[in-house]
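target_22.txt follows (compact mmCIF, C-alpha atoms):
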# COMPACT_ATOMS: atom_id res chain seq x y z
CA MET A 70 0.00 0.00 0.00
CA ASN A 71 2.78 2.41 0.97
CA ASN A 72 4.65 1.42 -2.11
CA ALA A 73 1.63 2.14 -4.27
CA ASN A 74 1.25 5.53 -2.61
CA PHE A 75 4.89 6.33 -3.21
CA ASN A 76 4.58 5.32 -6.85
CA SER A 77 1.51 7.45 -7.43
CA ASN A 78 3.13 10.41 -5.65
CA SER A 79 6.25 10.17 -7.73
CA HIS A 80 4.12 9.82 -10.85
CA LEU A 81 2.19 12.95 -9.85
CA LEU A 82 5.41 14.87 -9.23
CA LYS A 83 6.86 13.82 -12.56
CA LYS A 84 3.67 14.77 -14.33
CA THR A 85 3.64 18.18 -12.63
CA PHE A 86 7.25 18.93 -13.48
CA TRP A 87 6.69 17.83 -17.03
CA GLN A 88 3.67 20.09 -17.40
CA ILE A 89 5.50 23.06 -15.85
CA SER A 90 8.37 22.56 -18.30
CA VAL A 91 6.01 22.47 -21.26
CA PHE A 92 4.20 25.62 -20.07
CA VAL A 93 7.49 27.50 -19.67
CA ILE A 94 8.91 26.30 -22.98
CA LEU A 95 5.69 27.09 -24.86
CA ALA A 96 5.47 30.55 -23.28
CA SER A 97 9.11 31.21 -24.24
CA ILE A 98 8.56 30.08 -27.83
CA PHE A 99 5.43 32.23 -28.20
CA ALA A 100 7.14 35.21 -26.56
CA LEU A 101 10.30 35.07 -28.64
CA THR A 102 8.50 34.37 -31.91
CA VAL A 103 5.97 37.16 -31.48
CA ASN A 104 8.69 39.55 -30.31
CA HIS A 105 10.80 38.69 -33.33
CA PHE A 106 8.10 39.51 -35.86
CA ARG A 107 6.39 42.51 -34.28
CA SER A 108 7.34 46.05 -35.27
CA ASP A 109 7.82 47.31 -31.72
CA SER A 110 9.95 44.41 -30.51
CA ILE A 111 12.31 44.82 -27.57
CA PRO A 112 15.85 43.38 -27.29
CA ILE A 113 16.11 40.09 -25.38
CA ILE A 114 18.75 41.59 -23.13
CA GLY A 115 17.81 45.19 -22.47
CA GLU A 116 20.03 48.17 -21.81
CA TRP A 117 18.96 49.54 -18.42
CA SER A 118 21.86 51.83 -17.56
CA VAL A 119 20.93 55.31 -16.36
CA ASP A 120 22.15 56.91 -19.61
CA ALA A 121 20.16 54.50 -21.75
CA ARG A 122 16.99 54.88 -19.70
CA PHE A 123 17.04 58.67 -19.66
CA SER A 124 17.74 59.33 -23.32
CA ASP A 125 15.92 61.30 -26.00
CA SER A 126 14.36 59.95 -29.17
CA SER A 127 17.74 59.82 -30.94
CA GLY A 128 19.18 57.75 -28.10
CA GLU A 129 21.33 60.53 -26.69
CA SER A 130 21.58 60.67 -22.91
CA LEU A 131 19.74 63.53 -21.17
CA VAL A 132 21.38 62.88 -17.82
CA ILE A 133 23.18 65.70 -16.04
CA SER A 134 25.45 64.96 -13.07
CA LEU A 135 24.81 66.51 -9.67
CA GLU A 136 28.17 68.35 -9.87
CA GLU A 137 27.29 69.91 -13.21
CA ALA A 138 23.79 70.81 -12.01
CA LYS A 139 25.27 72.38 -8.90
CA ARG A 140 27.76 74.39 -10.99
CA LEU A 141 24.97 75.69 -13.25
CA PHE A 142 22.84 76.47 -10.18
CA GLU A 143 25.67 78.53 -8.67
CA ASN A 144 26.28 80.34 -11.97
CA LYS A 145 22.55 81.00 -12.25
CA THR A 146 22.54 79.30 -15.64
CA ALA A 147 20.04 76.59 -14.75
CA LEU A 148 16.27 76.62 -14.57
CA PHE A 149 15.03 73.71 -12.46
CA LEU A 150 11.62 72.20 -13.17
CA ASP A 151 9.97 70.01 -10.54
CA ALA A 152 8.05 67.23 -12.33
CA ARG A 153 6.37 65.86 -9.21
CA ARG A 154 2.84 66.66 -8.09
CA LYS A 155 2.19 70.22 -6.93
CA GLU A 156 1.66 69.12 -3.29
CA GLN A 157 5.07 67.50 -3.23
CA TYR A 158 6.62 70.64 -4.72
CA ASP A 159 4.96 72.72 -1.99
CA GLU A 160 6.42 70.45 0.69
CA GLY A 161 9.90 71.24 -0.54
CA HIS A 162 11.87 71.75 -3.75
CA ILE A 163 15.19 72.89 -5.16
CA GLN A 164 15.64 76.61 -4.53
CA GLY A 165 14.21 78.62 -7.42
CA ALA A 166 12.68 75.58 -9.12
CA LEU A 167 9.35 75.99 -10.89
CA SER A 168 6.55 73.46 -10.55
CA LEU A 169 5.47 71.66 -13.72
CA PRO A 170 3.75 68.41 -12.70
CA GLN A 171 4.28 65.94 -15.50
CA GLN A 172 0.99 64.18 -14.84
CA GLU A 173 -0.95 67.41 -15.39
CA VAL A 174 1.43 68.96 -17.86
CA ASP A 175 -1.34 70.14 -20.19
CA ALA A 176 -2.96 72.17 -17.42
CA TYR A 177 0.24 73.79 -16.16
CA PHE A 178 2.34 74.21 -19.29
CA MET A 179 0.77 77.39 -20.64
CA ASP A 180 1.32 79.20 -17.31
CA ILE A 181 4.98 78.36 -17.34
CA ALA A 182 5.77 78.59 -21.05
CA PRO A 183 6.63 82.35 -21.00
CA LYS A 184 9.16 81.78 -18.21
CA LEU A 185 10.70 78.88 -20.09
CA GLU A 186 10.96 80.94 -23.25
CA GLU A 187 12.49 83.84 -21.36
CA SER A 188 15.08 81.51 -19.82
CA GLN A 189 16.27 80.59 -23.28
CA LEU A 190 17.11 84.17 -24.28
CA ASP A 191 20.55 85.70 -24.06
CA ASN A 192 20.09 89.08 -22.47
CA ASN A 193 21.36 91.17 -19.60
CA ASP A 194 18.06 92.29 -18.27
CA ARG A 195 16.60 89.42 -16.34
CA GLY A 196 16.85 91.00 -12.94
CA ASP A 197 18.64 88.09 -11.27
CA GLY A 198 22.13 88.97 -12.48
CA SER A 199 22.23 86.19 -15.07
CA SER A 200 22.93 86.97 -18.67
CA LYS A 201 23.10 83.73 -20.61
CA SER A 202 20.42 81.34 -21.70
CA LYS A 203 19.72 78.70 -19.11
CA VAL A 204 19.83 74.93 -19.13
CA ILE A 205 16.41 73.55 -18.22
CA ILE A 206 16.90 70.76 -15.67
CA THR A 207 13.93 68.53 -14.83
CA TYR A 208 13.85 66.36 -11.73
CA CYS A 209 11.58 64.17 -9.62
CA ASP A 210 12.33 61.72 -6.82
CA GLY A 211 13.54 58.12 -6.89
CA ASP A 212 16.08 56.30 -9.08
CA THR A 213 13.40 54.81 -11.27
CA CYS A 214 11.12 57.86 -11.36
CA GLU A 215 10.21 58.55 -14.98
CA LEU A 216 8.34 61.84 -14.52
CA SER A 217 11.41 64.05 -15.05
CA HIS A 218 12.35 62.07 -18.16
CA GLU A 219 8.86 62.28 -19.64
CA LEU A 220 8.75 65.99 -18.91
CA ALA A 221 12.14 66.50 -20.60
CA LEU A 222 10.93 64.63 -23.69
CA PHE A 223 7.76 66.72 -23.74
CA LEU A 224 9.77 69.97 -23.56
CA LYS A 225 12.03 68.78 -26.38
CA GLU A 226 8.94 68.13 -28.46
CA MET A 227 7.80 71.67 -27.63
CA GLY A 228 11.02 72.99 -29.12
CA PHE A 229 13.20 73.44 -26.04
CA ASN A 230 16.52 71.85 -26.91
CA ASN A 231 18.58 72.70 -23.89
CA VAL A 232 16.93 70.21 -21.51
CA LYS A 233 18.60 67.83 -19.04
CA VAL A 234 17.40 65.38 -16.38
CA LEU A 235 18.82 65.26 -12.86
CA VAL A 236 18.10 61.64 -11.97
CA ASN A 237 16.62 61.14 -8.48
CA GLY A 238 17.05 64.92 -8.27
CA TRP A 239 15.14 65.83 -5.13
CA SER A 240 16.89 63.14 -3.05
CA VAL A 241 20.45 63.76 -4.30
CA TRP A 242 20.03 67.53 -3.98
CA GLN A 243 18.97 67.21 -0.35
CA GLU A 244 21.64 64.62 0.45
CA ALA A 245 24.28 67.01 -0.88
CA GLY A 246 22.92 69.72 1.43
CA LEU A 247 22.23 72.10 -1.44
CA PRO A 248 19.75 74.99 -1.09
CA ASN A 249 16.07 74.15 -1.12
CA GLU A 250 12.90 75.92 -0.13
CA ILE A 251 9.36 75.18 1.00
CA GLY A 252 6.05 76.56 -0.27
CA GLU A 253 4.83 77.96 -3.51
CA MET B 198 -5.73 36.12 -19.23
CA TYR B 199 -7.12 39.61 -18.86
CA ALA B 200 -3.92 40.73 -17.12
CA SER B 201 -1.67 39.22 -19.77
CA TYR B 202 -3.38 40.93 -22.70
CA ASP B 203 -2.13 44.46 -22.05
CA LYS B 204 1.38 43.23 -21.24
CA ILE B 205 1.67 41.23 -24.44
CA LEU B 206 0.52 44.26 -26.44
CA HIS B 207 2.93 46.66 -24.71
CA PRO B 208 6.17 44.80 -23.98
CA GLU B 209 8.20 47.96 -23.53
CA ALA B 210 5.87 49.39 -20.91
CA PHE B 211 5.78 46.09 -19.05
CA ALA B 212 9.58 45.77 -19.18
CA LYS B 213 9.76 49.19 -17.55
CA ALA B 214 7.39 48.01 -14.82
CA VAL B 215 9.53 44.90 -14.24
CA PHE B 216 12.61 47.09 -14.08
CA ASN B 217 10.94 49.43 -11.59
CA TYR B 218 10.42 46.57 -9.15
CA GLN B 219 14.23 46.48 -8.88
CA ILE B 220 14.18 42.76 -8.11
CA LEU B 221 15.72 41.17 -11.21
CA PRO B 222 19.21 41.84 -12.57
CA ASP B 223 19.08 44.25 -15.54
CA THR B 224 19.98 41.54 -18.05
CA ALA B 225 16.97 39.42 -17.03
CA VAL B 226 14.38 42.21 -17.15
CA ASN B 227 13.45 42.03 -20.83
CA ILE B 228 13.28 38.26 -21.10
CA ALA B 229 11.07 38.10 -17.99
CA ALA B 230 8.87 40.86 -19.41
CA LEU B 231 8.49 38.93 -22.66
CA VAL B 232 7.84 35.44 -21.29
CA LEU B 233 5.77 36.16 -18.15
CA PRO B 234 2.64 37.47 -19.93
CA TRP B 235 2.56 34.45 -22.24
CA LEU B 236 2.99 32.14 -19.28
CA GLU B 237 0.08 33.93 -17.59
CA LEU B 238 -2.04 33.52 -20.70
CA LEU B 239 -1.27 29.79 -21.06
CA ILE B 240 -1.98 29.16 -17.39
CA GLY B 241 -5.20 31.14 -17.63
CA LEU B 242 -6.30 29.02 -20.58
CA SER B 243 -5.33 25.85 -18.75
CA LEU B 244 -7.31 26.82 -15.63
CA VAL B 245 -10.38 27.74 -17.63
CA ALA B 246 -10.22 24.65 -19.81
CA GLY B 247 -9.34 22.34 -16.91
CA ILE B 248 -6.37 20.82 -18.73
CA TRP B 249 -2.98 20.13 -17.10
CA LEU B 250 -4.17 21.60 -13.83
CA GLU B 251 -1.27 20.12 -11.82
CA GLY B 252 1.29 22.22 -13.68
CA SER B 253 -0.78 25.37 -14.01
CA THR B 254 -1.87 25.56 -10.35
CA VAL B 255 1.71 25.13 -9.16
CA ILE B 256 2.95 27.84 -11.54
CA SER B 257 0.13 30.26 -10.69
CA THR B 258 0.67 29.79 -6.95
CA SER B 259 4.43 30.30 -7.32
CA LEU B 260 4.01 33.39 -9.50
CA MET B 261 1.47 34.93 -7.11
CA MET B 262 3.86 34.33 -4.21
CA ILE B 263 6.72 35.98 -6.12
CA PHE B 264 4.52 38.96 -7.11
CA ILE B 265 3.26 39.49 -3.58
CA GLY B 266 6.73 39.00 -2.14
CA SER B 267 8.11 41.68 -4.48
CA LEU B 268 5.27 44.07 -3.69
CA ILE B 269 5.71 43.69 0.06
CA PHE B 270 9.48 43.95 -0.30
CA ASN B 271 9.12 47.23 -2.19
CA GLN B 272 6.54 48.54 0.29
CA ILE B 273 8.92 47.85 3.15
CA ARG B 274 11.89 49.51 1.52
CA GLY B 275 9.62 52.41 0.48
CA LEU B 276 10.62 52.31 -3.16
CA ASP B 277 9.14 55.04 -5.34
CA ILE B 278 6.26 55.67 -2.97
CA HIS B 279 6.48 59.39 -3.69
CA CYS B 280 6.67 59.58 -7.43
CA GLY B 281 3.91 57.46 -8.96
CA CYS B 282 6.49 55.38 -10.78
CA PHE B 283 4.46 52.21 -10.90
CA SER B 284 1.89 53.96 -13.01
CA THR B 285 2.12 57.11 -15.04
CA ASP B 286 -1.55 57.68 -14.38
CA ALA B 287 -1.91 60.17 -11.53
CA THR B 288 -5.29 58.80 -10.52
CA GLN B 289 -3.97 55.29 -9.98
CA GLY B 290 -1.10 56.11 -7.66
CA PRO B 291 1.67 53.72 -6.68
CA ALA B 292 1.10 50.05 -5.94
CA GLY B 293 -0.02 50.07 -2.34
CA ILE B 294 -1.69 48.09 0.35
CA TRP B 295 -4.86 47.49 -1.72
CA THR B 296 -2.88 45.95 -4.54
CA ILE B 297 -1.32 43.59 -2.04
CA MET B 298 -4.73 42.74 -0.53
CA ARG B 299 -6.14 42.04 -3.99
CA ASP B 300 -3.20 39.82 -4.83
CA PHE B 301 -3.61 37.95 -1.56
CA SER B 302 -7.16 37.05 -2.57
CA PHE B 303 -5.82 35.73 -5.89
CA LEU B 304 -3.16 33.79 -4.00
CA ALA B 305 -5.75 32.28 -1.66
CA ALA B 306 -7.79 31.10 -4.65
CA SER B 307 -4.67 29.73 -6.27
CA ILE B 308 -3.58 27.80 -3.17
CA TYR B 309 -7.08 26.41 -2.73
CA LEU B 310 -7.03 25.11 -6.32
CA THR B 311 -3.58 23.61 -5.89
CA PHE B 312 -4.68 21.74 -2.77
CA ARG B 313 -7.81 20.50 -4.47
CA ILE B 314 -5.84 19.20 -7.42
CA PHE B 315 -3.13 17.52 -5.38
CA PHE B 316 -4.86 16.25 -2.26
CA PHE B 317 -8.54 15.90 -2.93
CA SER B 318 -8.53 14.77 -6.49
CA LYS B 319 -10.67 11.75 -7.22
CA SER B 320 -9.20 11.40 -10.64
CA PRO B 321 -8.30 7.74 -11.18
CA ASN B 322 -5.30 8.45 -13.35
CA ILE B 323 -3.18 9.88 -10.50
Now, as a test, write the supplied structure out as structure tokens.
Amino acid sequence: MNNANFNSNSHLLKKTFWQISVFVILASIFALTVNHFRSDSIPIIGEWSVDARFSDSSGESLVISLEEAKRLFENKTALFLDARRKEQYDEGHIQGALSLPQQEVDAYFMDIAPKLEESQLDNNDRGDGSSKSKVIITYCDGDTCELSHELALFLKEMGFNNVKVLVNGWSVWQEAGLPNEIGE
Amino acid sequence: MYASYDKILHPEAFAKAVFNYQILPDTAVNIAALVLPWLELLIGLSLVAGIWLEGSTVISTSLMMIFIGSLIFNQIRGLDIHCGCFSTDATQGPAGIWTIMRDFSFLAASIYLTFRIFFFSKSPNI
């Protein structure tokens, strides 16, 4: 009786493993075949480096380093755009940054467009002592946060070419002890 | 099956979601994003049709456990809670406690099925 039980158990196990293997193999075959023939296929081994993830449509990296962003900030040649929700911006943001929530970009963009356009002009009359056109730097929070990237792509589409992304910007800015401010 | 449909149609978006979980090594992200939805679809078909239930219940229970494990793991380490990274839709918000609760109910159903298949089956061919 025990022997019969053991036999049926081992048969059941074998059957289960066999079925699992077939499911996995079939799924792999379907996945790879469909991926091979579709127009928007993705590579089997993806490129997930920071530069590759935060790139523009031509594949060029949009990433700016914290050191470079800090240097531009100190020279007053950067315009920071906070891509997070307005409430998060109000709780704290990079000093001088403007709020442009990516998820409601259509509602906020027209308010901010004149300031963006002004920042791209070379003139001596801006009132803050800066004279050159500014680099627009978008940021959000978290290594994998895509909002800043999406906002940068949107701005490029709108014709702003001088756009960079400070990855995980709000966190790295605070960690470096750089100036920030609270409120609107 | 319903869940697999959108992922099969949009492999790039799903790969991004897999990447955002920060569980798999970068080199494994795309292959997982390609194969997982098809595996879900096949298992869904198997469960509905009642064919090869031994294999499909074990896979579905294992996958649910891995999904829930990853969700809880990311909740605990507080990943991306503040940026809506799991969804670009502002109204949906990040994966939170309700997603985990929902997945637990799926897991419970999946475990129940597995037990039925393996321990209470009256099928003579086992």
Extending 8 Å beyond the listed atoms of stretch 244-254 of chain B on each side, what axis-aligned box results? I want centre and edge lengths in Å to one decimal, as JSON.
{"center_x": -4.5, "center_y": 23.9, "center_z": -15.1, "size_x": 27.7, "size_y": 23.6, "size_z": 25.5}
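Among the candidate residues B:Ala210, B:Met262, B:Ala230, B:Leu236, the one lying nearest to chain A is B:Leu236, with distances computed using only C-alpha atoms.
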task: Kindly provide, as a ChimeraX atom specification, the polymer residues lying within 10 Å of (23.2, 76.9, -14.9), counting only C-alpha atoms and using the coordinates exactly as they appear in the file.
output: /A:137-149,199,201-206
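Within 12 Å of the point (6.3, 27.6, -25.6), and counting all atoms listed in the file, the protein, DNA and RNA residues are Gln88, Ile89, Ser90, Val91, Phe92, Val93, Ile94, Leu95, Ala96, Ser97, Ile98, Phe99, Ala100, Leu101, Thr102 and Val103 of chain A; Leu231, Val232, Leu233, Pro234, Trp235, Leu236, Glu237, Leu238, Leu239 and Ile240 of chain B.
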- request: With a distance threshold of 9 Å and counting all atoms listed in the file, extract the residues of chain A near chain B and express them as a ChimeraX atom specification.
  value: /A:77-78,80-82,84-93,95-101,104,109-118,153-154,157,172-173,209-216
- request: Provide the atom CA of A:Ala166 to atom CA of A:Glu129 distance in Å, to one decimal place.
  value: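 One can read the atom CA of A:Ala166 to atom CA of A:Glu129 distance as 24.7 Å.
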- prompt: At what distance in Å, to one decimal, does atom CA of A:Gly165 lie from atom CA of A:Val119?
  reply: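 A separation of 25.9 Å between them.
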message: When you count all atoms listed in the file, which of these residues is closest to B:Ile220: B:Leu310, B:Ala305, B:Ile294, B:Ile263?
response: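 The closest residue to B:Ile220 is B:Ile263.
As for atom CA of A:Ser130 and atom CA of A:Val232, they are spaced 10.7 Å apart.
Considering the residues A:Thr207, A:Ser188, A:Asn76, A:Asn237 and counting only C-alpha atoms, A:Ala152 has its shortest atom-to-atom contact with A:Thr207.
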- request: Measuring atom to atom with only C-alpha atoms, identify which of A:Ile133, A:Ala121, A:Ala221, A:Val174 is nearest to A:Gly238.
  value: A:Ile133
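Proximity ranking of B:Thr258, B:Leu268, B:Ile273, B:Phe317 relative to B:Thr296 places B:Leu268 first, based on only C-alpha atoms.
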Would you kindly return, as a JSON list (two decimals) with C-alpha atoms, keeping the file's coordinate frame, each protein, DNA or RNA residue with an atom no farther than 8 Å from any atom of A:Glu160, considering all atoms listed in the file and excluding same-chain residues fewer than 2 positions away?
[["chain", "number", "residue", "atom", "x", "y", "z"],
["A", 156, "GLU", "CA", 1.66, 69.12, -3.29],
["A", 157, "GLN", "CA", 5.07, 67.50, -3.23],
["A", 158, "TYR", "CA", 6.62, 70.64, -4.72],
["A", 162, "HIS", "CA", 11.87, 71.75, -3.75],
["A", 251, "ILE", "CA", 9.36, 75.18, 1.00],
["A", 252, "GLY", "CA", 6.05, 76.56, -0.27]]
statement: With distances taken over all atoms listed in the file, the candidate from B:Phe312, B:Met198, B:Ile248, B:Ile297 nearest B:Phe270 is B:Ile297
